[in-house]
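Source file structure_3.tsv; content: TSV, C-alpha atoms and all ligand atoms.
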chain	number	residue	atom	x	y	z
W	1	MET	CA	-36.41	-34.38	145.15
W	2	THR	CA	-36.87	-31.05	146.89
W	3	SER	CA	-35.56	-30.93	150.44
W	4	ILE	CA	-37.75	-29.81	153.31
W	5	ASP	CA	-35.90	-26.50	153.51
W	6	ASP	CA	-36.23	-25.93	149.74
W	7	ALA	CA	-39.98	-26.60	149.96
W	8	ARG	CA	-40.33	-24.09	152.78
W	9	ARG	CA	-38.37	-21.53	150.82
W	10	ALA	CA	-40.18	-22.19	147.53
W	11	PRO	CA	-41.41	-18.89	146.07
W	12	ALA	CA	-45.15	-18.63	145.52
W	13	ARG	CA	-45.84	-19.78	141.97
W	14	THR	CA	-47.96	-17.96	139.45
W	15	GLY	CA	-48.74	-18.71	135.84
W	16	ARG	CA	-51.62	-20.53	134.17
W	17	VAL	CA	-53.57	-23.10	136.16
W	18	VAL	CA	-56.31	-25.55	135.17
W	19	VAL	CA	-58.78	-26.39	137.95
W	20	THR	CA	-61.02	-29.37	137.20
W	21	GLY	CA	-64.22	-29.29	139.25
W	22	GLY	CA	-63.56	-25.57	139.68
W	23	ALA	CA	-67.27	-24.68	139.90
W	24	GLY	CA	-67.77	-26.87	142.95
W	25	PHE	CA	-67.49	-26.00	146.64
W	26	LEU	CA	-63.72	-26.33	147.09
W	27	GLY	CA	-62.87	-25.62	143.45
W	28	SER	CA	-64.63	-22.25	143.49
W	29	HIS	CA	-62.73	-21.14	146.60
W	30	LEU	CA	-59.49	-22.28	144.98
W	31	CYS	CA	-60.27	-20.37	141.76
W	32	THR	CA	-61.04	-17.23	143.79
W	33	GLU	CA	-57.78	-17.41	145.73
W	34	LEU	CA	-55.72	-18.27	142.64
W	35	VAL	CA	-57.08	-15.27	140.71
W	36	ALA	CA	-56.36	-13.09	143.77
W	37	ARG	CA	-52.77	-14.38	143.79
W	38	GLY	CA	-52.29	-13.41	140.13
W	39	TRP	CA	-52.82	-16.77	138.40
W	40	GLU	CA	-54.61	-17.09	135.07
W	41	VAL	CA	-57.28	-19.69	135.85
W	42	VAL	CA	-59.00	-22.10	133.44
W	43	CYS	CA	-61.90	-23.71	135.29
W	44	LEU	CA	-63.23	-26.97	133.80
W	45	ASP	CA	-66.54	-28.32	135.06
W	46	ASN	CA	-69.56	-30.25	133.79
W	47	PHE	CA	-71.79	-28.76	136.56
W	48	LEU	CA	-72.83	-32.20	137.75
W	49	THR	CA	-72.69	-31.21	141.43
W	50	GLY	CA	-71.29	-27.70	141.02
W	51	SER	CA	-72.72	-24.58	139.43
W	52	PRO	CA	-71.63	-21.54	137.41
W	53	ALA	CA	-73.19	-19.51	140.24
W	54	ASN	CA	-70.24	-20.54	142.45
W	55	VAL	CA	-67.81	-18.67	140.19
W	56	ALA	CA	-70.18	-15.91	139.01
W	57	HIS	CA	-68.12	-13.36	140.97
W	58	LEU	CA	-65.08	-14.23	138.78
W	59	MET	CA	-66.84	-13.93	135.43
W	60	GLY	CA	-65.66	-10.85	133.57
W	61	ASP	CA	-62.20	-11.05	135.14
W	62	GLU	CA	-59.80	-11.45	132.24
W	63	ARG	CA	-57.70	-13.87	134.30
W	64	PHE	CA	-60.64	-16.30	134.67
W	65	GLN	CA	-62.14	-18.63	132.07
W	66	LEU	CA	-64.98	-21.09	132.69
W	67	VAL	CA	-65.22	-24.03	130.28
W	68	ARG	CA	-67.95	-26.67	130.34
W	69	CYS	CA	-66.12	-29.98	130.09
W	70	ASP	CA	-66.67	-33.53	131.29
W	71	VAL	CA	-63.18	-34.72	132.23
W	72	THR	CA	-64.18	-38.35	131.66
W	73	ASP	CA	-64.64	-37.54	127.92
W	74	PHE	CA	-61.37	-35.71	127.23
W	75	ILE	CA	-59.48	-32.62	128.34
W	76	HIS	CA	-58.17	-30.20	125.76
W	77	VAL	CA	-56.69	-26.90	126.89
W	78	PRO	CA	-54.86	-24.87	124.24
W	79	GLY	CA	-51.75	-22.95	125.30
W	80	ALA	CA	-49.32	-23.24	128.17
W	81	VAL	CA	-50.31	-24.71	131.53
W	82	ASP	CA	-48.09	-24.55	134.63
W	83	LEU	CA	-50.32	-26.29	137.18
W	84	VAL	CA	-53.25	-28.73	137.10
W	85	LEU	CA	-55.46	-29.00	140.20
W	86	HIS	CA	-57.70	-32.04	139.73
W	87	PHE	CA	-60.79	-31.58	141.91
W	88	ALA	CA	-63.57	-32.93	139.67
W	89	SER	CA	-65.51	-35.65	141.49
W	90	PRO	CA	-68.77	-36.03	143.32
W	91	ALA	CA	-67.72	-35.67	146.96
W	92	SER	CA	-70.67	-35.94	149.31
W	93	PRO	CA	-72.10	-39.37	150.14
W	94	VAL	CA	-75.52	-38.34	148.77
W	95	ASP	CA	-73.88	-37.48	145.43
W	96	TYR	CA	-71.61	-40.46	145.02
W	97	LEU	CA	-74.28	-42.93	146.11
W	98	GLN	CA	-76.52	-41.51	143.36
W	99	LEU	CA	-73.64	-41.46	140.86
W	100	PRO	CA	-71.60	-44.57	141.68
W	101	ILE	CA	-70.33	-45.34	138.19
W	102	HIS	CA	-69.60	-41.73	137.35
W	103	THR	CA	-67.66	-41.44	140.60
W	104	LEU	CA	-65.50	-44.42	139.63
W	105	LYS	CA	-65.04	-43.07	136.10
W	106	VAL	CA	-64.05	-39.57	137.18
W	107	GLY	CA	-61.53	-41.02	139.66
W	108	SER	CA	-60.05	-43.36	137.05
W	109	ILE	CA	-60.61	-42.08	133.48
W	110	GLY	CA	-60.91	-38.43	134.55
W	111	THR	CA	-57.72	-38.61	136.60
W	112	GLY	CA	-55.96	-40.24	133.63
W	113	HIS	CA	-57.01	-37.35	131.39
W	114	ALA	CA	-55.94	-34.73	133.94
W	115	LEU	CA	-52.56	-36.44	134.37
W	116	GLY	CA	-52.23	-36.62	130.59
W	117	LEU	CA	-52.78	-32.86	130.39
W	118	ALA	CA	-50.09	-32.23	133.01
W	119	MET	CA	-47.68	-34.54	131.17
W	120	GLU	CA	-48.37	-32.91	127.79
W	121	LYS	CA	-47.83	-29.40	129.19
W	122	GLY	CA	-44.97	-30.19	131.59
W	123	ALA	CA	-47.16	-28.86	134.40
W	124	ARG	CA	-47.19	-29.68	138.10
W	125	PHE	CA	-50.22	-31.84	139.00
W	126	LEU	CA	-52.09	-31.95	142.29
W	127	ILE	CA	-54.95	-34.33	143.01
W	128	ALA	CA	-57.66	-33.86	145.62
W	129	SER	CA	-57.63	-37.16	147.45
W	130	THR	CA	-59.51	-37.71	150.67
W	131	SER	CA	-59.44	-38.97	154.22
W	132	GLU	CA	-61.88	-41.61	152.90
W	133	VAL	CA	-58.84	-43.54	151.62
W	134	TYR	CA	-58.42	-44.48	155.31
W	135	GLY	CA	-61.98	-45.91	155.33
W	136	ASP	CA	-63.30	-46.73	158.82
W	137	PRO	CA	-59.81	-46.37	160.31
W	138	GLN	CA	-58.26	-48.75	162.81
W	139	GLU	CA	-55.50	-46.26	163.62
W	140	HIS	CA	-56.27	-42.94	165.22
W	141	PRO	CA	-55.39	-40.22	164.38
W	142	GLN	CA	-54.64	-41.07	160.76
W	143	ARG	CA	-51.07	-40.57	159.52
W	144	GLU	CA	-50.20	-40.64	155.84
W	145	ASP	CA	-48.40	-43.97	156.21
W	146	TYR	CA	-51.60	-45.72	157.39
W	147	TRP	CA	-52.94	-47.88	154.54
W	148	GLY	CA	-56.59	-47.70	155.52
W	149	HIS	CA	-59.54	-49.97	156.22
W	150	VAL	CA	-61.88	-49.80	153.25
W	151	ASN	CA	-64.73	-52.07	152.19
W	152	PRO	CA	-64.40	-52.16	148.37
W	153	ILE	CA	-67.91	-53.55	147.85
W	154	GLY	CA	-69.67	-51.45	150.51
W	155	PRO	CA	-71.77	-48.50	149.34
W	156	ARG	CA	-68.95	-46.00	150.02
W	157	GLY	CA	-66.44	-48.16	148.13
W	158	VAL	CA	-67.14	-46.36	144.84
W	159	TYR	CA	-65.70	-43.14	146.25
W	160	ASP	CA	-62.98	-44.57	148.48
W	161	GLU	CA	-61.64	-46.94	145.83
W	162	ALA	CA	-61.88	-44.32	143.07
W	163	LYS	CA	-59.62	-42.08	145.13
W	164	ARG	CA	-57.27	-44.92	146.07
W	165	TYR	CA	-56.95	-45.81	142.37
W	166	ALA	CA	-56.43	-42.12	141.53
W	167	GLU	CA	-53.57	-41.97	144.05
W	168	ALA	CA	-52.01	-45.10	142.51
W	169	LEU	CA	-52.35	-43.68	138.98
W	170	THR	CA	-50.84	-40.37	140.08
W	171	THR	CA	-47.90	-42.19	141.65
W	172	ALA	CA	-47.40	-44.27	138.49
W	173	TYR	CA	-47.28	-41.13	136.30
W	174	ARG	CA	-44.67	-39.72	138.66
W	175	THR	CA	-42.46	-42.81	138.67
W	176	THR	CA	-43.00	-43.83	135.01
W	177	HIS	CA	-43.32	-40.51	133.18
W	178	GLY	CA	-41.62	-38.14	135.63
W	179	VAL	CA	-44.71	-35.95	136.02
W	180	ASP	CA	-44.31	-33.53	138.96
W	181	THR	CA	-47.24	-34.73	141.07
W	182	ALA	CA	-48.69	-34.05	144.49
W	183	ILE	CA	-51.41	-35.80	146.48
W	184	VAL	CA	-53.42	-33.98	149.14
W	185	ARG	CA	-55.67	-36.02	151.45
W	186	ILE	CA	-58.45	-33.63	152.39
W	187	PHE	CA	-60.39	-34.14	155.61
W	188	ASN	CA	-63.94	-32.90	156.13
W	189	THR	CA	-64.15	-29.25	155.13
W	190	TYR	CA	-66.98	-26.78	155.56
W	191	GLY	CA	-67.80	-23.21	154.63
W	192	PRO	CA	-69.81	-21.00	152.27
W	193	ARG	CA	-71.03	-22.51	148.96
W	194	MET	CA	-71.78	-25.95	150.34
W	195	ARG	CA	-75.16	-27.03	149.04
W	196	PRO	CA	-77.98	-27.13	151.63
W	197	PHE	CA	-79.07	-30.57	150.42
W	198	ASP	CA	-75.68	-32.17	149.75
W	199	GLY	CA	-76.23	-34.53	152.68
W	200	ARG	CA	-73.09	-33.59	154.61
W	201	ALA	CA	-73.63	-33.03	158.32
W	202	ILE	CA	-72.85	-29.31	158.66
W	203	PRO	CA	-74.96	-27.92	155.76
W	204	THR	CA	-77.75	-30.32	156.69
W	205	PHE	CA	-77.76	-29.18	160.31
W	206	ILE	CA	-77.58	-25.47	159.37
W	207	ARG	CA	-80.44	-25.82	156.87
W	208	GLN	CA	-82.55	-27.69	159.40
W	209	ALA	CA	-81.78	-25.25	162.21
W	210	LEU	CA	-82.57	-22.18	160.08
W	211	ALA	CA	-85.87	-23.76	158.99
W	212	GLY	CA	-86.77	-24.62	162.60
W	213	GLU	CA	-86.81	-28.34	161.73
W	214	PRO	CA	-85.34	-31.08	163.92
W	215	LEU	CA	-81.62	-31.70	163.36
W	216	THR	CA	-81.15	-35.32	162.26
W	217	VAL	CA	-78.09	-36.83	163.94
W	218	ALA	CA	-77.00	-40.26	162.69
W	219	GLY	CA	-76.76	-43.01	165.33
W	220	ASP	CA	-76.21	-41.68	168.83
W	221	GLY	CA	-73.98	-38.90	167.48
W	222	SER	CA	-70.88	-40.15	169.32
W	223	GLN	CA	-68.96	-40.69	166.07
W	224	THR	CA	-66.35	-37.98	165.60
W	225	ARG	CA	-65.36	-35.64	162.79
W	226	SER	CA	-62.56	-33.09	162.51
W	227	VAL	CA	-63.75	-30.23	160.38
W	228	CYS	CA	-61.61	-27.64	158.64
W	229	TYR	CA	-62.74	-24.20	157.52
W	230	VAL	CA	-62.42	-23.82	153.75
W	231	ASP	CA	-60.00	-20.84	153.86
W	232	ASP	CA	-57.52	-22.89	155.90
W	233	LEU	CA	-57.85	-25.79	153.47
W	234	VAL	CA	-57.25	-23.61	150.41
W	235	ARG	CA	-54.12	-22.15	152.06
W	236	GLY	CA	-52.83	-25.67	152.75
W	237	ILE	CA	-53.53	-26.91	149.22
W	238	LEU	CA	-51.78	-23.95	147.64
W	239	ALA	CA	-48.82	-24.38	150.00
W	240	LEU	CA	-48.51	-27.95	148.73
W	241	ALA	CA	-48.89	-26.79	145.12
W	242	ASP	CA	-46.15	-24.17	145.67
W	243	SER	CA	-43.80	-26.73	147.21
W	244	GLY	CA	-42.01	-29.48	145.34
W	245	GLU	CA	-43.48	-32.11	147.65
W	246	ALA	CA	-45.19	-35.24	146.31
W	247	GLY	CA	-47.19	-36.16	149.39
W	248	PRO	CA	-49.53	-37.62	150.26
W	249	VAL	CA	-50.11	-34.86	152.79
W	250	ASN	CA	-53.10	-34.69	155.12
W	251	ILE	CA	-54.78	-31.29	155.21
W	252	GLY	CA	-57.50	-30.94	157.80
W	253	ASN	CA	-58.21	-29.56	161.22
W	254	PRO	CA	-57.13	-32.00	163.96
W	255	SER	CA	-59.58	-30.53	166.44
W	256	GLU	CA	-62.06	-33.41	166.86
W	257	ARG	CA	-65.67	-33.24	168.02
W	258	THR	CA	-68.63	-35.59	168.05
W	259	VAL	CA	-71.39	-35.22	165.48
W	260	LEU	CA	-73.80	-34.54	168.36
W	261	GLU	CA	-71.57	-31.65	169.55
W	262	ILE	CA	-71.53	-30.25	166.01
W	263	ALA	CA	-75.35	-30.35	165.93
W	264	GLN	CA	-75.58	-28.65	169.34
W	265	ASP	CA	-73.13	-25.94	168.23
W	266	VAL	CA	-75.18	-25.33	165.08
W	267	VAL	CA	-78.33	-24.90	167.17
W	268	ALA	CA	-76.48	-22.37	169.34
W	269	ALA	CA	-74.87	-20.52	166.40
W	270	THR	CA	-78.19	-20.12	164.56
W	271	GLY	CA	-80.18	-19.25	167.68
W	272	SER	CA	-82.61	-21.95	166.58
W	273	ARG	CA	-85.17	-23.67	168.81
W	274	SER	CA	-84.91	-26.91	166.80
W	275	ARG	CA	-84.72	-30.19	168.69
W	276	ILE	CA	-82.26	-32.95	167.87
W	277	ASP	CA	-83.57	-36.27	166.50
W	278	PHE	CA	-81.51	-39.44	166.14
W	279	ILE	CA	-81.77	-41.37	162.88
W	280	GLU	CA	-80.27	-44.60	161.54
W	281	ARG	CA	-76.52	-44.49	160.93
W	282	PRO	CA	-75.39	-45.11	157.30
W	283	VAL	CA	-73.56	-48.33	156.43
W	284	ASP	CA	-69.74	-48.08	156.87
W	285	ASP	CA	-70.02	-44.60	158.41
W	286	PRO	CA	-66.56	-43.95	159.93
W	287	THR	CA	-66.54	-44.02	163.74
W	288	VAL	CA	-63.60	-41.69	164.24
W	289	ARG	CA	-61.80	-39.29	161.96
W	290	ARG	CA	-58.87	-37.02	162.83
W	291	PRO	CA	-55.87	-36.08	160.71
W	292	ASP	CA	-52.35	-36.25	161.96
W	293	THR	CA	-51.09	-33.00	160.41
W	294	THR	CA	-47.45	-33.27	161.51
W	295	LYS	CA	-46.33	-33.72	157.91
W	296	ALA	CA	-48.20	-30.60	156.71
W	297	GLN	CA	-46.63	-28.61	159.53
W	298	GLU	CA	-43.12	-29.91	158.90
W	299	LEU	CA	-43.11	-29.86	155.08
W	300	LEU	CA	-45.31	-26.86	154.40
W	301	GLY	CA	-45.30	-24.88	157.64
W	302	TRP	CA	-49.11	-25.18	157.51
W	303	ALA	CA	-51.56	-25.27	160.40
W	304	PRO	CA	-55.25	-24.35	160.53
W	305	GLU	CA	-56.00	-20.90	161.93
W	306	VAL	CA	-59.78	-20.43	161.83
W	307	GLN	CA	-61.43	-21.54	165.07
W	308	TRP	CA	-64.58	-23.68	164.83
W	309	GLN	CA	-66.88	-21.07	166.37
W	310	GLU	CA	-65.61	-18.41	163.95
W	311	GLY	CA	-65.83	-20.66	160.87
W	312	LEU	CA	-69.29	-21.82	161.89
W	313	ALA	CA	-70.50	-18.23	162.35
W	314	ARG	CA	-69.23	-17.29	158.86
W	315	THR	CA	-70.89	-20.36	157.34
W	316	VAL	CA	-74.20	-19.76	159.10
W	317	ALA	CA	-74.19	-16.13	157.91
W	318	TRP	CA	-73.68	-17.28	154.31
W	319	PHE	CA	-76.45	-19.91	154.52
W	320	ARG	CA	-78.84	-17.42	156.10
W	321	GLN	CA	-78.35	-15.04	153.19
W	322	GLU	CA	-78.41	-17.79	150.57
W	323	LEU	CA	-81.61	-19.42	151.86
W	324	ALA	CA	-83.32	-16.02	152.20
W	325	THR	CA	-82.40	-15.15	148.58
W	326	SER	CA	-83.60	-18.49	147.21
W	327	ALA	CA	-86.85	-18.22	149.21
V	1	LIG	P1	-68.32	-30.57	144.78
V	1	LIG	O1	-69.30	-31.61	144.41
V	1	LIG	O2	-68.83	-29.27	145.31
V	1	LIG	O3	-67.35	-30.23	143.58
V	1	LIG	C1	-66.99	-31.18	142.61
V	1	LIG	C2	-67.02	-30.50	141.26
V	1	LIG	O4	-66.61	-31.44	140.26
V	1	LIG	C3	-68.42	-30.02	140.87
V	1	LIG	O5	-68.37	-28.70	140.41
V	1	LIG	C4	-68.83	-30.97	139.75
V	1	LIG	O6	-69.76	-30.41	138.86
V	1	LIG	C5	-67.49	-31.31	139.15
V	1	LIG	N1	-67.46	-32.55	138.40
V	1	LIG	C6	-67.90	-33.77	138.77
V	1	LIG	N2	-67.70	-34.67	137.80
V	1	LIG	C7	-67.10	-33.99	136.77
V	1	LIG	C8	-66.63	-34.36	135.49
V	1	LIG	N3	-66.74	-35.62	135.04
V	1	LIG	N4	-66.08	-33.41	134.71
V	1	LIG	C9	-65.95	-32.13	135.14
V	1	LIG	N5	-66.38	-31.73	136.35
V	1	LIG	C10	-66.93	-32.65	137.17
V	1	LIG	O7	-67.32	-31.24	145.84
V	1	LIG	P2	-66.17	-30.58	146.74
V	1	LIG	O8	-66.56	-30.76	148.14
V	1	LIG	O9	-65.84	-29.23	146.23
V	1	LIG	O10	-64.97	-31.58	146.45
V	1	LIG	C11	-64.01	-31.26	145.45
V	1	LIG	C12	-62.92	-32.31	145.46
V	1	LIG	O11	-62.32	-32.39	146.76
V	1	LIG	C13	-63.43	-33.70	145.11
V	1	LIG	O12	-62.46	-34.36	144.32
V	1	LIG	C14	-63.52	-34.36	146.47
V	1	LIG	O13	-63.36	-35.75	146.38
V	1	LIG	C15	-62.39	-33.71	147.23
V	1	LIG	N6	-62.62	-33.72	148.68
V	1	LIG	C16	-63.52	-32.87	149.26
V	1	LIG	C17	-63.71	-32.91	150.64
V	1	LIG	C18	-64.66	-31.97	151.35
V	1	LIG	O14	-64.75	-31.99	152.58
V	1	LIG	N7	-65.38	-31.10	150.65
V	1	LIG	C19	-63.02	-33.84	151.42
V	1	LIG	C20	-62.14	-34.70	150.77
V	1	LIG	C21	-61.93	-34.62	149.42
Give the structure from this file in structure tokens form.
Ligand code: NAD
Amino acid sequence: MTSIDDARRAPARTGRVVVTGGAGFLGSHLCTELVARGWEVVCLDNFLTGSPANVAHLMGDERFQLVRCDVTDFIHVPGAVDLVLHFASPASPVDYLQLPIHTLKVGSIGTGHALGLAMEKGARFLIASTSEVYGDPQEHPQREDYWGHVNPIGPRGVYDEAKRYAEALTTAYRTTHGVDTAIVRIFNTYGPRMRPFDGRAIPTFIRQALAGEPLTVAGDGSQTRSVCYVDDLVRGILALADSGEAGPVNIGNPSERTVLEIAQDVVAATGSRSRIDFIERPVDDPTVRRPDTTKAQELLGWAPEVQWQEGLARTVAWFRQELATSA
């Protein structure tokens, strides 16, 4: 095992990396940063919830290759691979509620294929797990040693349990086959390239505010979220990939705010005159959510840097341009 000091000193890796789900929101930002850092990137995606448009700016770069591939079928990548970042999975509640069986398959069969690739190539493997493994948490904030409070047969169970299984499978490949694995538990992240209709609170609020429609806040809006700007998240993920750490490690912004505050801030940041409406709260919607990021700080020297107002302004600017172009 790598010591904490070794992990901190670990030189930045480069080589050839496979990113599953690389044409999605997070995957596309990862691919961009990896190419910028000198990696050769093979992006695998079936475009179920992502799009080639998300990586269009990388096409033509000789270090970037986009391959249409459903990771639940098989994964075949000729040549050497040094790192596998497994990000393929529907991620927003709207998506995984529409695709419940696919979500379970990509977390189980897809993760098995991605781990098999890492084993075959002798590559390091990193899986995108989620704060949803903590379910509707009974401990707050959530540390990595909290086992969670998940309803396996509730509507969100397909996503939460897929990721919990994926963590178990990843751990089994590490202990049984000696694969060099890492688990990152990602908390709510926002930024450019989120889809306006993906159902997550921030893109929904921005879309509604820019259209002058009422912002639809679930329940009374007192439930909390801790949201991390995508650039901070990518830096944290790549710090974990560069280290020899196995995790799980929480990566997220511990600065917590209510959903109502997020809606009010979106109204202010867009200069919108939209009102706020309150709608029914989804089943098993978590009441509180805040990462304990002590481990990320101690093992990786990572902490978020982008302030909420700054990240929100950048995201609003991107949505404004995107919605104007599509109109
Ligand atoms: P996204 O939907 O934008 O990206 C997922 C990508 O995976 C899409 O491009 C999609 O087409 C692809 N995909 C889905 N099934 C596939 C399959 N069978 N084969 C190949 N590609 C497939 O979602 P995202 O927000 O970018 O999330 C990426 C990963 O990060 C997911 O694993 C998600 O669970 C995890 N995560 C995200 C967040 C967040 O706040 N965005 C939080 C926690 C965890």
Could you give me, as a PDB file with C-alpha atoms, keeping the file's coordinate frame, the residues within 8 Å of Pro304 of chain W, counting only C-alpha atoms and dropping anything in the same chain fewer than 3 positions from it?
ATOM      1  CA  CYS W 228     -61.610 -27.640 158.640  1.00  0.00           C
ATOM      2  CA  ASP W 232     -57.520 -22.890 155.900  1.00  0.00           C
ATOM      3  CA  LEU W 233     -57.850 -25.790 153.470  1.00  0.00           C
ATOM      4  CA  GLY W 252     -57.500 -30.940 157.800  1.00  0.00           C
ATOM      5  CA  ASN W 253     -58.210 -29.560 161.220  1.00  0.00           C
TER       6      ASN W 253
END
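Going from atom CA of Val184 of chain W to atom O7 of ligand LIG 1 (chain V) covers 14.5 Å.
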For Ala246 of chain W, which of W:Phe205, W:Val227, W:Asp292, W:Ile127 is the closest residue, counting all atoms listed in the file?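 So, comparing all the options, the nearest one is W:Ile127.
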Of the candidates W:Val306, W:Ala56, W:Ala327, W:Ala241, which one gets nearest to Gly191 of chain W if we count all atoms listed in the file?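 Among W:Val306, W:Ala56, W:Ala327, W:Ala241, it is W:Val306 that comes nearest to Gly191 of chain W.
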Give the answer as one residue: which of W:Leu300, W:Val179, W:Ile75, W:Leu323 has the shortest atom-to-atom distance to ligand LIG 1 (chain V), using only C-alpha atoms and all ligand atoms?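 The closest residue to ligand LIG 1 (chain V) is W:Ile75.
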May I ask which of the residues W:Gly50, W:Gly301, W:Gly112, W:Gly79 is the closest one to Phe125 of chain W, counting all atoms listed in the file? W:Gly112
Just checking: using all atoms listed in the file, which residue out of W:Gly38, W:Gly107, W:Pro100, W:Gly271 ends up closest to ligand LIG 1 (chain V)?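 When distances to ligand LIG 1 (chain V) are compared using all atoms listed in the file, the smallest one comes from W:Gly107.
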When you draw a straight line from atom C3 of ligand LIG 1 (chain V) to atom CA of Thr175 of chain W, how long is it in Å?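 For atom C3 of ligand LIG 1 (chain V) relative to atom CA of Thr175 of chain W, the distance reads 29.0 Å.
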Name all residues at most 8 Å from His140 of chain W (count only C-alpha atoms; drop same-chain ones fewer than 6 positions away) and give them as a list of chain:residue names. W:Val288, W:Arg289, W:Arg290
Expressed in Å to a single decimal, how great is the separation between atom CA of Glu298 of chain W and atom CA of Thr189 of chain W? 21.4 Å
Among the residues W:Leu240, W:Ile251, W:Leu260, W:Ala128, the one that comes closest to Thr224 of chain W [using only C-alpha atoms]: W:Leu260
Neighbours of Arg273 of chain W within 12 Å (only C-alpha atoms; same-chain residues fewer than 3 positions away dropped), as a count of residues only? 15
Find the residues with any atom within 8 Å of (-61.6, -29.2, 140.6); use only C-alpha atoms and the coordinates as given in the file, and write the answer as an MDAnalysis selection string. chainID W and resid 19:24 26:27 43:45 85:89 128
Residues within 12 Å of (-74.1, -43.9, 169.0), file coordinates, counting all atoms listed in the file: what are they? Give the list as an mmCIF file with C-alpha atoms, in the frame of the given file.
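What ended up in selection-v5.cif:
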data_model
loop_
_atom_site.group_PDB
_atom_site.id
_atom_site.type_symbol
_atom_site.label_atom_id
_atom_site.label_comp_id
_atom_site.auth_asym_id
_atom_site.auth_seq_id
_atom_site.Cartn_x
_atom_site.Cartn_y
_atom_site.Cartn_z
ATOM 1 C CA VAL W 217 -78.090 -36.830 163.940
ATOM 2 C CA ALA W 218 -77.000 -40.260 162.690
ATOM 3 C CA GLY W 219 -76.760 -43.010 165.330
ATOM 4 C CA ASP W 220 -76.210 -41.680 168.830
ATOM 5 C CA GLY W 221 -73.980 -38.900 167.480
ATOM 6 C CA SER W 222 -70.880 -40.150 169.320
ATOM 7 C CA GLN W 223 -68.960 -40.690 166.070
ATOM 8 C CA THR W 224 -66.350 -37.980 165.600
ATOM 9 C CA THR W 258 -68.630 -35.590 168.050
ATOM 10 C CA VAL W 259 -71.390 -35.220 165.480
ATOM 11 C CA LEU W 260 -73.800 -34.540 168.360
ATOM 12 C CA PHE W 278 -81.510 -39.440 166.140
ATOM 13 C CA ILE W 279 -81.770 -41.370 162.880
ATOM 14 C CA GLU W 280 -80.270 -44.600 161.540
ATOM 15 C CA ARG W 281 -76.520 -44.490 160.930
ATOM 16 C CA PRO W 282 -75.390 -45.110 157.300
ATOM 17 C CA ASP W 285 -70.020 -44.600 158.410
ATOM 18 C CA PRO W 286 -66.560 -43.950 159.930
ATOM 19 C CA THR W 287 -66.540 -44.020 163.740
ATOM 20 C CA VAL W 288 -63.600 -41.690 164.240
#
